[in-house]
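Following: one structure in structure tokens, then a few remarks.
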Amino acid sequence: MIKRLVPLCAVVLAGCTTFSNIDEGMTALVGQPIDAAVDKLGYPTNQVTVGGKKIYTWGRSYISSIPSLTTSNVNGTVNGRNYSGTVTTTGSQPVEMYCTLRFITDQNDVIVDYNWAGNLGGCGLYSRYLKVPKTPRPAVAPAPAPGPVTPRGKDNKDGV
């Protein structure tokens, strides 16, 4: 059972990373000219103007096949004896992979908002393009070495 959960957890965690990369990357572009998005993503697949604002769209969609297993219970009779068992067959299932990113700009082509939709297979590429590099934490300066220790007692000059 555990062996089956490990791959599932890996996929789920990868999906969270992918989607957070998209959110962080698109958020980082708000306030910048649309050319900053073009530099990261390439040319948009579409651009329309609505109410004085431009909407730039990047999108991709394709059909992929994922492996599937089908298990069936079978019952029958062989030479007058009843039997039952299971049969597992392999195949593939078509799945649509898609991702759509939209940046909304003002009249000066500065990004003011964004939205996106998609699934892990479709958004993975954009996630890599938009990933915001992590800034290293500043090094913590070591604590200064303690000074010489003054003995306490009758030999101390302050008379303590």
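Lettering and numbering for the structure tokens are positional, with chains as A, B, ... in the shown order, residues counted from 1 in each chain, and ligands counted from 1 in the shown order.
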
> Which of stretch 12-137 of chain A counts as strand (DSSP E) under DSSP, as a VMD selection string please?
Replying inline: chain A and resid 46 to 50 53 to 78 81 to 105 111 to 118

>> Which residues are close to stretch 58-69 of chain A, i.e. within 7 Å by only C-alpha atoms, leaving aside same-chain residues fewer than 3 positions away? Reply as a VMD selection string.
In response: chain A and resid 44 to 46 88 to 102 122

> Which distance in Å separates atom CA of A:Asp109 and atom CA of A:Thr57, to one decimal?
Replying inline: 13.7 Å

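Taking atom CA of A:Ile111 and atom CA of A:Ser20 as the two end points, the separation is 19.2 Å.
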